[in-house]
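What's in input.cif: mmCIF, C-alpha atoms
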data_start
loop_
_atom_site.label_atom_id
_atom_site.label_comp_id
_atom_site.auth_asym_id
_atom_site.auth_seq_id
_atom_site.Cartn_x
_atom_site.Cartn_y
_atom_site.Cartn_z
CA MET A 1492 -2.81 -19.27 -10.38
CA GLU A 1493 -5.89 -19.36 -8.16
CA TYR A 1494 -8.09 -16.31 -7.57
CA VAL A 1495 -10.45 -14.90 -4.96
CA THR A 1496 -13.47 -12.80 -5.88
CA LEU A 1497 -13.64 -9.53 -3.95
CA ASN A 1498 -16.91 -8.09 -2.64
CA ASN A 1499 -17.36 -6.00 -5.79
CA GLY A 1500 -16.86 -8.94 -8.16
CA ILE A 1501 -13.24 -8.18 -9.07
CA LYS A 1502 -10.94 -11.23 -9.21
CA MET A 1503 -7.63 -11.05 -7.35
CA PRO A 1504 -4.77 -13.61 -7.39
CA VAL A 1505 -4.44 -15.44 -4.07
CA LEU A 1506 -0.67 -15.09 -4.29
CA GLY A 1507 1.20 -11.99 -5.39
CA TYR A 1508 4.63 -10.40 -5.23
CA GLY A 1509 5.38 -7.73 -2.61
CA VAL A 1510 8.08 -5.07 -3.09
CA TYR A 1511 8.40 -3.70 0.45
CA GLN A 1512 12.06 -2.81 1.18
CA VAL A 1513 13.07 -3.42 -2.44
CA SER A 1514 15.09 -0.40 -3.62
CA ASN A 1515 13.86 1.57 -6.62
CA GLU A 1516 17.10 0.59 -8.40
CA GLU A 1517 16.54 -3.15 -7.90
CA CYS A 1518 12.75 -3.20 -8.03
CA GLU A 1519 12.27 -3.10 -11.80
CA ARG A 1520 14.41 -6.20 -12.27
CA CYS A 1521 12.68 -7.99 -9.39
CA VAL A 1522 9.16 -7.28 -10.71
CA LEU A 1523 10.17 -8.37 -14.23
CA ASP A 1524 11.58 -11.60 -12.74
CA ALA A 1525 8.41 -12.14 -10.70
CA ILE A 1526 6.16 -11.66 -13.73
CA ASP A 1527 8.42 -13.94 -15.77
CA VAL A 1528 8.01 -16.83 -13.32
CA GLY A 1529 4.22 -16.42 -13.20
CA TYR A 1530 3.21 -13.73 -10.68
CA ARG A 1531 0.36 -11.56 -11.86
CA ALA A 1532 -0.27 -9.48 -8.70
CA ILE A 1533 2.27 -6.83 -7.65
CA ASP A 1534 1.95 -5.00 -4.32
CA THR A 1535 3.67 -1.64 -3.84
CA ALA A 1536 2.99 1.56 -1.87
CA GLN A 1537 3.72 5.27 -1.97
CA ALA A 1538 5.90 4.86 1.13
CA TYR A 1539 8.07 2.18 -0.52
CA GLY A 1540 9.51 4.70 -2.99
CA ASN A 1541 9.45 2.23 -5.87
CA GLU A 1542 6.19 2.89 -7.73
CA GLU A 1543 8.15 4.18 -10.75
CA ALA A 1544 10.14 0.95 -10.95
CA VAL A 1545 6.94 -1.10 -10.79
CA GLY A 1546 5.54 1.10 -13.57
CA ASN A 1547 8.62 0.53 -15.70
CA ALA A 1548 8.27 -3.23 -15.24
CA ILE A 1549 4.56 -3.12 -16.12
CA THR A 1550 5.34 -1.37 -19.42
CA LYS A 1551 8.28 -3.67 -20.29
CA CYS A 1552 7.01 -7.09 -19.19
CA GLY A 1553 5.10 -7.99 -22.36
CA ILE A 1554 2.03 -9.11 -20.40
CA SER A 1555 -1.20 -7.31 -21.26
CA ARG A 1556 -2.31 -4.91 -18.53
CA ASP A 1557 -5.63 -6.69 -17.98
CA LYS A 1558 -3.73 -9.83 -16.90
CA LEU A 1559 -1.95 -7.94 -14.08
CA PHE A 1560 -3.28 -6.90 -10.66
CA ILE A 1561 -1.50 -3.84 -9.28
CA THR A 1562 -1.90 -2.63 -5.69
CA THR A 1563 -0.60 0.55 -4.08
CA LYS A 1564 -1.27 2.31 -0.78
CA VAL A 1565 -1.82 5.89 0.36
CA TRP A 1566 0.66 6.98 3.03
CA ILE A 1567 -0.18 8.90 6.22
CA SER A 1568 1.42 12.13 4.97
CA ASN A 1569 -1.07 12.09 2.07
CA SER A 1570 -4.12 11.62 4.28
CA GLY A 1571 -7.19 13.79 3.85
CA TYR A 1572 -9.34 14.26 0.77
CA GLU A 1573 -7.30 16.81 -1.19
CA LYS A 1574 -3.84 15.37 -0.46
CA ALA A 1575 -5.02 11.81 -1.07
CA LYS A 1576 -6.65 12.73 -4.38
CA ALA A 1577 -3.43 14.40 -5.60
CA SER A 1578 -1.30 11.47 -4.40
CA LEU A 1579 -3.55 8.94 -6.15
CA LEU A 1580 -3.07 10.76 -9.45
CA GLU A 1581 0.67 10.86 -8.77
CA SER A 1582 0.69 7.10 -8.12
CA LEU A 1583 -1.26 6.50 -11.33
CA HIS A 1584 1.36 8.53 -13.22
CA LYS A 1585 4.31 6.75 -11.58
CA LEU A 1586 2.78 3.33 -12.27
CA GLN A 1587 2.38 4.34 -15.94
CA THR A 1588 -1.07 2.81 -16.16
CA GLU A 1589 -4.61 3.97 -16.90
CA TYR A 1590 -6.03 2.36 -13.77
CA ILE A 1591 -4.95 0.78 -10.48
CA ASP A 1592 -6.54 -2.52 -9.49
CA LEU A 1593 -6.48 -1.97 -5.73
CA VAL A 1594 -5.67 1.01 -3.52
CA LEU A 1595 -5.38 0.66 0.26
CA ILE A 1596 -5.10 3.17 3.09
CA HIS A 1597 -1.67 2.18 4.41
CA GLN A 1598 -2.14 3.00 8.09
CA PRO A 1599 -5.22 3.83 10.24
CA PHE A 1600 -3.92 7.30 11.12
CA GLY A 1601 -4.45 10.87 9.96
CA ASP A 1602 -7.66 11.88 8.21
CA TYR A 1603 -8.27 8.45 6.76
CA TYR A 1604 -11.96 9.16 6.26
CA GLY A 1605 -11.00 12.00 3.92
CA THR A 1606 -8.55 9.66 2.19
CA TYR A 1607 -11.26 7.07 1.80
CA ARG A 1608 -13.64 9.61 0.24
CA ALA A 1609 -11.00 10.41 -2.40
CA MET A 1610 -10.60 6.68 -3.05
CA GLU A 1611 -14.37 6.18 -3.29
CA GLU A 1612 -14.53 9.00 -5.84
CA ALA A 1613 -11.76 7.48 -7.97
CA TYR A 1614 -13.48 4.09 -7.68
CA LYS A 1615 -16.76 5.54 -8.93
CA GLU A 1616 -14.89 7.25 -11.79
CA GLY A 1617 -13.45 3.86 -12.74
CA TRP A 1618 -9.68 4.39 -12.55
CA ILE A 1619 -9.40 2.44 -9.31
CA ARG A 1620 -11.04 -0.98 -9.52
CA ALA A 1621 -11.18 -1.81 -5.79
CA ILE A 1622 -10.42 0.02 -2.54
CA GLY A 1623 -9.53 -1.15 0.93
CA VAL A 1624 -7.32 -0.71 3.97
CA SER A 1625 -4.14 -1.99 5.57
CA ASN A 1626 -3.27 -2.44 9.24
CA PHE A 1627 -6.86 -1.82 10.38
CA TYR A 1628 -7.57 -3.78 13.54
CA PRO A 1629 -11.15 -5.05 14.01
CA ASP A 1630 -12.32 -1.96 15.94
CA ARG A 1631 -11.21 0.46 13.21
CA LEU A 1632 -12.40 -1.83 10.42
CA ILE A 1633 -15.90 -2.17 11.90
CA ASP A 1634 -16.12 1.60 12.38
CA LEU A 1635 -15.06 2.28 8.78
CA CYS A 1636 -17.38 -0.37 7.30
CA ASN A 1637 -20.36 1.22 9.02
CA PHE A 1638 -19.73 4.78 7.80
CA VAL A 1639 -18.59 4.57 4.18
CA GLU A 1640 -20.47 4.22 0.90
CA VAL A 1641 -18.14 1.64 -0.69
CA LYS A 1642 -17.25 -1.21 1.67
CA PRO A 1643 -13.50 -1.95 1.78
CA ALA A 1644 -12.68 -4.96 -0.40
CA VAL A 1645 -9.41 -5.89 1.34
CA ASN A 1646 -7.67 -5.50 4.70
CA GLN A 1647 -3.94 -6.20 4.58
CA VAL A 1648 -2.55 -7.02 8.03
CA GLU A 1649 0.44 -8.77 9.54
CA THR A 1650 -0.43 -12.46 9.21
CA HIS A 1651 1.84 -15.49 9.48
CA VAL A 1652 2.00 -18.76 11.38
CA PHE A 1653 3.02 -17.01 14.64
CA GLN A 1654 0.33 -14.29 14.35
CA GLN A 1655 -2.61 -15.91 12.58
CA GLN A 1656 -5.16 -13.13 13.23
CA LYS A 1657 -8.02 -15.57 13.84
CA GLU A 1658 -10.33 -13.07 15.55
CA ALA A 1659 -9.56 -10.35 12.99
CA HIS A 1660 -10.23 -12.88 10.23
CA GLU A 1661 -13.69 -13.64 11.64
CA TYR A 1662 -14.61 -9.95 11.51
CA MET A 1663 -13.29 -9.62 7.97
CA VAL A 1664 -15.47 -12.54 6.93
CA LYS A 1665 -18.45 -11.02 8.75
CA TYR A 1666 -18.05 -7.70 6.91
CA GLY A 1667 -17.19 -9.22 3.53
CA VAL A 1668 -13.59 -7.94 3.52
CA GLN A 1669 -10.83 -10.12 2.01
CA HIS A 1670 -8.03 -10.91 4.45
CA GLN A 1671 -4.59 -10.30 2.96
CA SER A 1672 -1.28 -11.02 4.67
CA TRP A 1673 1.75 -8.81 4.81
CA GLY A 1674 4.87 -10.45 6.20
CA PRO A 1675 3.77 -14.06 5.51
CA PHE A 1676 7.31 -15.17 6.47
CA ALA A 1677 7.51 -12.77 9.47
CA GLU A 1678 10.71 -11.50 7.79
CA GLY A 1679 12.41 -14.67 9.04
CA ARG A 1680 11.87 -13.86 12.74
CA ASN A 1681 11.43 -16.65 15.32
CA ASN A 1682 13.75 -18.84 13.18
CA PHE A 1683 10.84 -19.02 10.76
CA PHE A 1684 12.53 -20.96 7.96
CA THR A 1685 13.91 -23.64 10.27
CA ASN A 1686 10.80 -24.08 12.40
CA PRO A 1687 10.64 -27.83 13.17
CA VAL A 1688 6.84 -28.06 12.70
CA LEU A 1689 6.96 -26.42 9.28
CA MET A 1690 10.02 -28.42 8.26
CA GLU A 1691 8.48 -31.74 9.31
CA ILE A 1692 5.28 -31.04 7.38
CA GLY A 1693 7.40 -29.87 4.45
CA LYS A 1694 9.32 -33.13 4.43
CA LYS A 1695 6.03 -35.02 4.19
CA HIS A 1696 4.97 -33.03 1.11
CA ASN A 1697 8.46 -32.53 -0.37
CA LYS A 1698 8.14 -28.78 0.19
CA SER A 1699 10.09 -26.11 2.11
CA ALA A 1700 9.00 -24.53 5.39
CA ALA A 1701 8.24 -21.34 3.42
CA GLN A 1702 5.99 -23.19 0.98
CA VAL A 1703 4.13 -24.88 3.84
CA ALA A 1704 3.60 -21.51 5.55
CA LEU A 1705 2.17 -19.96 2.39
CA ARG A 1706 -0.05 -22.97 1.73
CA PHE A 1707 -1.40 -22.77 5.29
CA LEU A 1708 -2.49 -19.16 4.81
CA ILE A 1709 -4.01 -19.80 1.39
CA GLN A 1710 -6.04 -22.72 2.77
CA ASN A 1711 -7.29 -20.34 5.47
CA ASP A 1712 -8.58 -17.99 2.74
CA VAL A 1713 -5.80 -15.47 3.26
CA VAL A 1714 -4.22 -13.80 0.22
CA VAL A 1715 -0.41 -13.69 0.43
CA ILE A 1716 2.29 -11.43 -1.07
CA PRO A 1717 5.69 -13.00 -0.30
CA LYS A 1718 8.79 -10.99 -1.18
CA SER A 1719 12.15 -12.20 -2.42
CA THR A 1720 14.81 -10.54 -4.56
CA HIS A 1721 16.06 -13.95 -5.77
CA LYS A 1722 14.37 -15.44 -8.83
CA GLU A 1723 14.78 -19.04 -7.66
CA ARG A 1724 12.98 -18.22 -4.40
CA MET A 1725 10.26 -16.35 -6.28
CA THR A 1726 9.75 -19.57 -8.27
CA GLN A 1727 9.63 -21.63 -5.08
CA ASN A 1728 7.17 -19.24 -3.39
CA ILE A 1729 4.67 -19.50 -6.24
CA ASP A 1730 4.95 -23.30 -6.38
CA VAL A 1731 2.32 -23.98 -3.71
CA PHE A 1732 -0.68 -25.08 -5.75
CA ASP A 1733 0.23 -28.74 -6.27
CA PHE A 1734 -0.26 -29.97 -2.70
CA THR A 1735 -2.81 -29.70 0.11
CA LEU A 1736 -2.25 -29.67 3.85
CA ASP A 1737 -4.46 -32.19 5.65
CA GLN A 1738 -6.33 -31.56 8.91
CA LYS A 1739 -3.43 -32.87 11.02
CA ASP A 1740 -0.99 -30.52 9.24
CA MET A 1741 -3.34 -27.56 9.67
CA ALA A 1742 -3.87 -28.29 13.38
CA ALA A 1743 -0.12 -28.53 14.00
CA ILE A 1744 0.45 -25.14 12.36
CA GLN A 1745 -2.53 -23.56 14.12
CA ALA A 1746 -0.82 -24.48 17.41
CA LEU A 1747 2.11 -22.19 16.50
CA ASP A 1748 -0.09 -19.10 16.87
CA GLU A 1749 1.31 -16.75 19.55
CA LYS A 1750 -1.48 -14.20 18.89
CA GLU A 1751 0.95 -11.29 19.11
CA SER A 1752 2.74 -9.12 16.58
CA LEU A 1753 6.39 -9.84 15.90
CA PHE A 1754 6.77 -6.25 14.70
CA PHE A 1755 4.64 -3.60 16.44
CA SER A 1756 1.20 -2.91 17.84
CA HIS A 1757 -0.98 -0.09 16.56
CA TYR A 1758 -2.33 0.17 20.08
CA ASP A 1759 1.14 1.07 21.42
CA PRO A 1760 1.48 4.87 21.86
CA ALA A 1761 5.19 4.79 20.93
CA THR A 1762 4.36 2.98 17.68
CA VAL A 1763 1.64 5.51 16.85
CA GLU A 1764 4.06 8.39 17.54
CA MET A 1765 6.67 6.77 15.31
CA LEU A 1766 4.31 6.04 12.41
CA THR A 1767 2.55 9.40 12.45
CA SER A 1768 5.92 11.20 12.39
CA LEU A 1769 7.08 9.39 9.24
CA HIS A 1770 7.01 11.14 5.88
CA ARG A 1771 7.51 9.35 2.61
#
Representation of the structure as structure tokens:
Amino acid sequence: MEYVTLNNGIKMPVLGYGVYQVSNEECERCVLDAIDVGYRAIDTAQAYGNEEAVGNAITKCGISRDKLFITTKVWISNSGYEKAKASLLESLHKLQTEYIDLVLIHQPFGDYYGTYRAMEEAYKEGWIRAIGVSNFYPDRLIDLCNFVEVKPAVNQVETHVFQQQKEAHEYMVKYGVQHQSWGPFAEGRNNFFTNPVLMEIGKKHNKSAAQVALRFLIQNDVVVIPKSTHKERMTQNIDVFDFTLDQKDMAAIQALDEKESLFFSHYDPATVEMLTSLHR
């Protein structure tokens, strides 16, 4: 496994396992499978409803805790200092661990400054090793970076070959924030896995379209957290460190960028109404 060093010196695997939309019932088995095939970073969230299952897997996997990198996220309904602080302790309990490696604000809504203060406090106390954000567009990220004590270490945003987030990436680099991708396969949209460009490059390297897509992001200094509930695909997704895309490959994939979300825009009022009405 390869690692990136975050802005506070903490090392984070460049490829992890995401458990979004994995049921609590199935999640423990999936995380144990992922750890068994070599994943050391696990990404969950309060809103996913499966922190307990991740915690069960952490305690049963047989890998020492210091070899794992566990991420969770604070949901909108827990925003604000007091609610966030209580929810962080609840997440710690559910994950059955003495510390969490990375905590992110899940969405840029609600009193996220209050949430961030609670995260900064936990960080200073030592039971959260790094803090950051998710779904923060450049305007919100710049604002936050300029008014907090502890700079966010990570920003997790929709990033895949059809939405490469080039401008957002430049601002993350400028402010020392690690770019992390959610949805690296765009959940299969746009006929992702049969895209002719990805398949052609895959044929050249004896790799799948999915492996090419992950390799592209990693070579662009983007951390990825692909999800699969099938162990053989988990194995395939982590098998991306034995080849390198050349400049021609990279240019061909860069040309796929449509510069638009395949899911939703946080600038869309209807999306904001939908997200801010959700409760975990």
Open item on the list: Residues within 9 Å of Ala1532 of chain A, please, as a PyMOL selection string. Count all atoms listed in the file; anything in the same chain fewer than 4 positions from it doesn't count.
Closed with: chain A and resi 1503-1509+1526+1558-1562+1716
The selected residues should be written to file as a PDB file, in the coordinates of the input (atoms: C-alpha atoms).
ATOM      1  CA  MET A1503      -7.630 -11.050  -7.350  1.00  0.00           C
ATOM      2  CA  PRO A1504      -4.770 -13.610  -7.390  1.00  0.00           C
ATOM      3  CA  VAL A1505      -4.440 -15.440  -4.070  1.00  0.00           C
ATOM      4  CA  LEU A1506      -0.670 -15.090  -4.290  1.00  0.00           C
ATOM      5  CA  GLY A1507       1.200 -11.990  -5.390  1.00  0.00           C
ATOM      6  CA  TYR A1508       4.630 -10.400  -5.230  1.00  0.00           C
ATOM      7  CA  GLY A1509       5.380  -7.730  -2.610  1.00  0.00           C
ATOM      8  CA  ILE A1526       6.160 -11.660 -13.730  1.00  0.00           C
ATOM      9  CA  LYS A1558      -3.730  -9.830 -16.900  1.00  0.00           C
ATOM     10  CA  LEU A1559      -1.950  -7.940 -14.080  1.00  0.00           C
ATOM     11  CA  PHE A1560      -3.280  -6.900 -10.660  1.00  0.00           C
ATOM     12  CA  ILE A1561      -1.500  -3.840  -9.280  1.00  0.00           C
ATOM     13  CA  THR A1562      -1.900  -2.630  -5.690  1.00  0.00           C
ATOM     14  CA  ILE A1716       2.290 -11.430  -1.070  1.00  0.00           C
TER      15      ILE A1716
END
Task: Among listed residues A:Ser1570, A:Asn1498, A:Gln1710, A:Gln1537, nearest Asp1740 of chain A (using all atoms listed in the file) - done: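 Smallest distance to Asp1740 of chain A is found for A:Gln1710.
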Open item on the list: What would the selection look like, as a PyMOL selection string, if the PyMOL selection byres ((chain A and resi 1546) around 9) were run on the coordinates I just shared?
Closed with: chain A and resi 1519+1541-1545+1547-1551+1583-1588
Open item on the list: Could you tell me how far atom CA of Thr1767 of chain A sits from atom CA of Val1594 of chain A, in Å to one decimal place?
Closed with: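 These atoms are spaced 19.8 Å apart.
With all atoms listed in the file as the atoms that count, the minimum distance from Phe1754 of chain A to the choices A:Pro1717, A:Pro1599, A:Gly1679, A:Pro1687 is reached by A:Gly1679.
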Open item on the list: Please compute the atom CA of Asp1592 of chain A-atom CA of Leu1580 of chain A distance, one decimal, in Å.
Closed with: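 Separation of atom CA of Asp1592 of chain A and atom CA of Leu1580 of chain A: 13.7 Å.
Interatomic distance, atom CA of Gln1671 of chain A to atom CA of Trp1566 of chain A: 18.1 Å.
The closest residue to Ala1704 of chain A, picked from A:Val1639, A:Met1741, A:Ile1729, A:Val1652 and counting all atoms listed in the file, is A:Val1652.
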Open item on the list: On this structure, the PyMOL selection byres ((chain A and resi 1693) around 12) would catch which residues? List them as a list in words, sorted by chain and number.
Closed with: Phe1684, Thr1685, Asn1686, Pro1687, Val1688, Leu1689, Met1690, Glu1691, Ile1692, Lys1694, Lys1695, His1696, Asn1697, Lys1698, Ser1699, Ala1700, Ala1701, Gln1702, Val1703, Ala1704, Leu1705, Arg1706, Phe1707, Val1731, Phe1734, Thr1735, Leu1736, Asp1740 and Ile1744 of chain A
Will you give me segment 1552-1573 of chain A, written with N, CA, C and O atoms and laid out as a compact mmCIF listing (two decimals), in the first residue's frame?
# COMPACT_ATOMS: atom_id res chain seq x y z
N CYS A 1552 -10.84 -8.33 13.40
CA CYS A 1552 -10.01 -8.56 12.20
C CYS A 1552 -8.63 -9.14 12.48
O CYS A 1552 -7.99 -9.70 11.58
N GLY A 1553 -8.13 -8.97 13.70
CA GLY A 1553 -6.81 -9.51 14.02
C GLY A 1553 -5.65 -8.61 13.61
O GLY A 1553 -4.49 -8.96 13.79
N ILE A 1554 -5.98 -7.44 13.05
CA ILE A 1554 -4.94 -6.47 12.68
C ILE A 1554 -4.85 -5.44 13.80
O ILE A 1554 -5.86 -4.94 14.28
N SER A 1555 -3.63 -5.12 14.21
CA SER A 1555 -3.48 -4.16 15.31
C SER A 1555 -4.05 -2.80 14.90
O SER A 1555 -3.94 -2.39 13.74
N ARG A 1556 -4.66 -2.13 15.87
CA ARG A 1556 -5.38 -0.88 15.59
C ARG A 1556 -4.49 0.17 14.92
O ARG A 1556 -4.95 0.93 14.06
N ASP A 1557 -3.21 0.21 15.29
CA ASP A 1557 -2.33 1.24 14.73
C ASP A 1557 -2.01 1.01 13.25
O ASP A 1557 -1.46 1.88 12.59
N LYS A 1558 -2.40 -0.15 12.71
CA LYS A 1558 -2.19 -0.43 11.29
C LYS A 1558 -3.42 -0.04 10.46
O LYS A 1558 -3.39 -0.12 9.23
N LEU A 1559 -4.52 0.34 11.13
CA LEU A 1559 -5.76 0.70 10.44
C LEU A 1559 -5.96 2.21 10.45
O LEU A 1559 -5.48 2.91 11.35
N PHE A 1560 -6.67 2.71 9.45
CA PHE A 1560 -6.99 4.14 9.34
C PHE A 1560 -8.50 4.25 9.19
O PHE A 1560 -9.06 3.91 8.14
N ILE A 1561 -9.16 4.72 10.25
CA ILE A 1561 -10.62 4.74 10.28
C ILE A 1561 -11.13 6.18 10.15
O ILE A 1561 -10.72 7.07 10.89
N THR A 1562 -12.05 6.37 9.19
CA THR A 1562 -12.66 7.68 8.96
C THR A 1562 -14.16 7.61 9.23
O THR A 1562 -14.82 6.65 8.83
N THR A 1563 -14.70 8.64 9.89
CA THR A 1563 -16.14 8.81 9.95
C THR A 1563 -16.47 10.28 9.72
O THR A 1563 -15.57 11.11 9.58
N LYS A 1564 -17.78 10.58 9.65
CA LYS A 1564 -18.20 11.94 9.29
C LYS A 1564 -19.38 12.36 10.16
O LYS A 1564 -20.25 11.53 10.47
N VAL A 1565 -19.40 13.63 10.51
CA VAL A 1565 -20.49 14.20 11.32
C VAL A 1565 -21.62 14.66 10.40
O VAL A 1565 -21.39 15.46 9.48
N TRP A 1566 -22.83 14.17 10.68
CA TRP A 1566 -23.97 14.49 9.81
C TRP A 1566 -24.59 15.84 10.18
O TRP A 1566 -24.38 16.37 11.27
N ILE A 1567 -25.36 16.40 9.25
CA ILE A 1567 -25.96 17.72 9.39
C ILE A 1567 -26.78 17.84 10.67
O ILE A 1567 -26.74 18.86 11.36
N SER A 1568 -27.55 16.78 11.00
CA SER A 1568 -28.42 16.85 12.17
C SER A 1568 -27.63 16.92 13.47
O SER A 1568 -28.19 17.23 14.52
N ASN A 1569 -26.33 16.64 13.41
CA ASN A 1569 -25.46 16.75 14.58
C ASN A 1569 -24.57 18.00 14.52
O ASN A 1569 -23.57 18.09 15.22
N SER A 1570 -24.95 18.95 13.68
CA SER A 1570 -24.11 20.14 13.55
C SER A 1570 -24.24 21.05 14.77
O SER A 1570 -25.24 21.01 15.50
N GLY A 1571 -23.22 21.87 14.97
CA GLY A 1571 -23.17 22.74 16.14
C GLY A 1571 -22.29 22.11 17.20
O GLY A 1571 -22.16 20.88 17.28
N TYR A 1572 -21.68 22.92 18.02
CA TYR A 1572 -20.66 22.46 18.97
C TYR A 1572 -21.15 21.35 19.89
O TYR A 1572 -20.55 20.28 19.96
N GLU A 1573 -22.25 21.57 20.60
CA GLU A 1573 -22.70 20.60 21.60
C GLU A 1573 -23.15 19.29 20.96
O GLU A 1573 -22.76 18.20 21.41
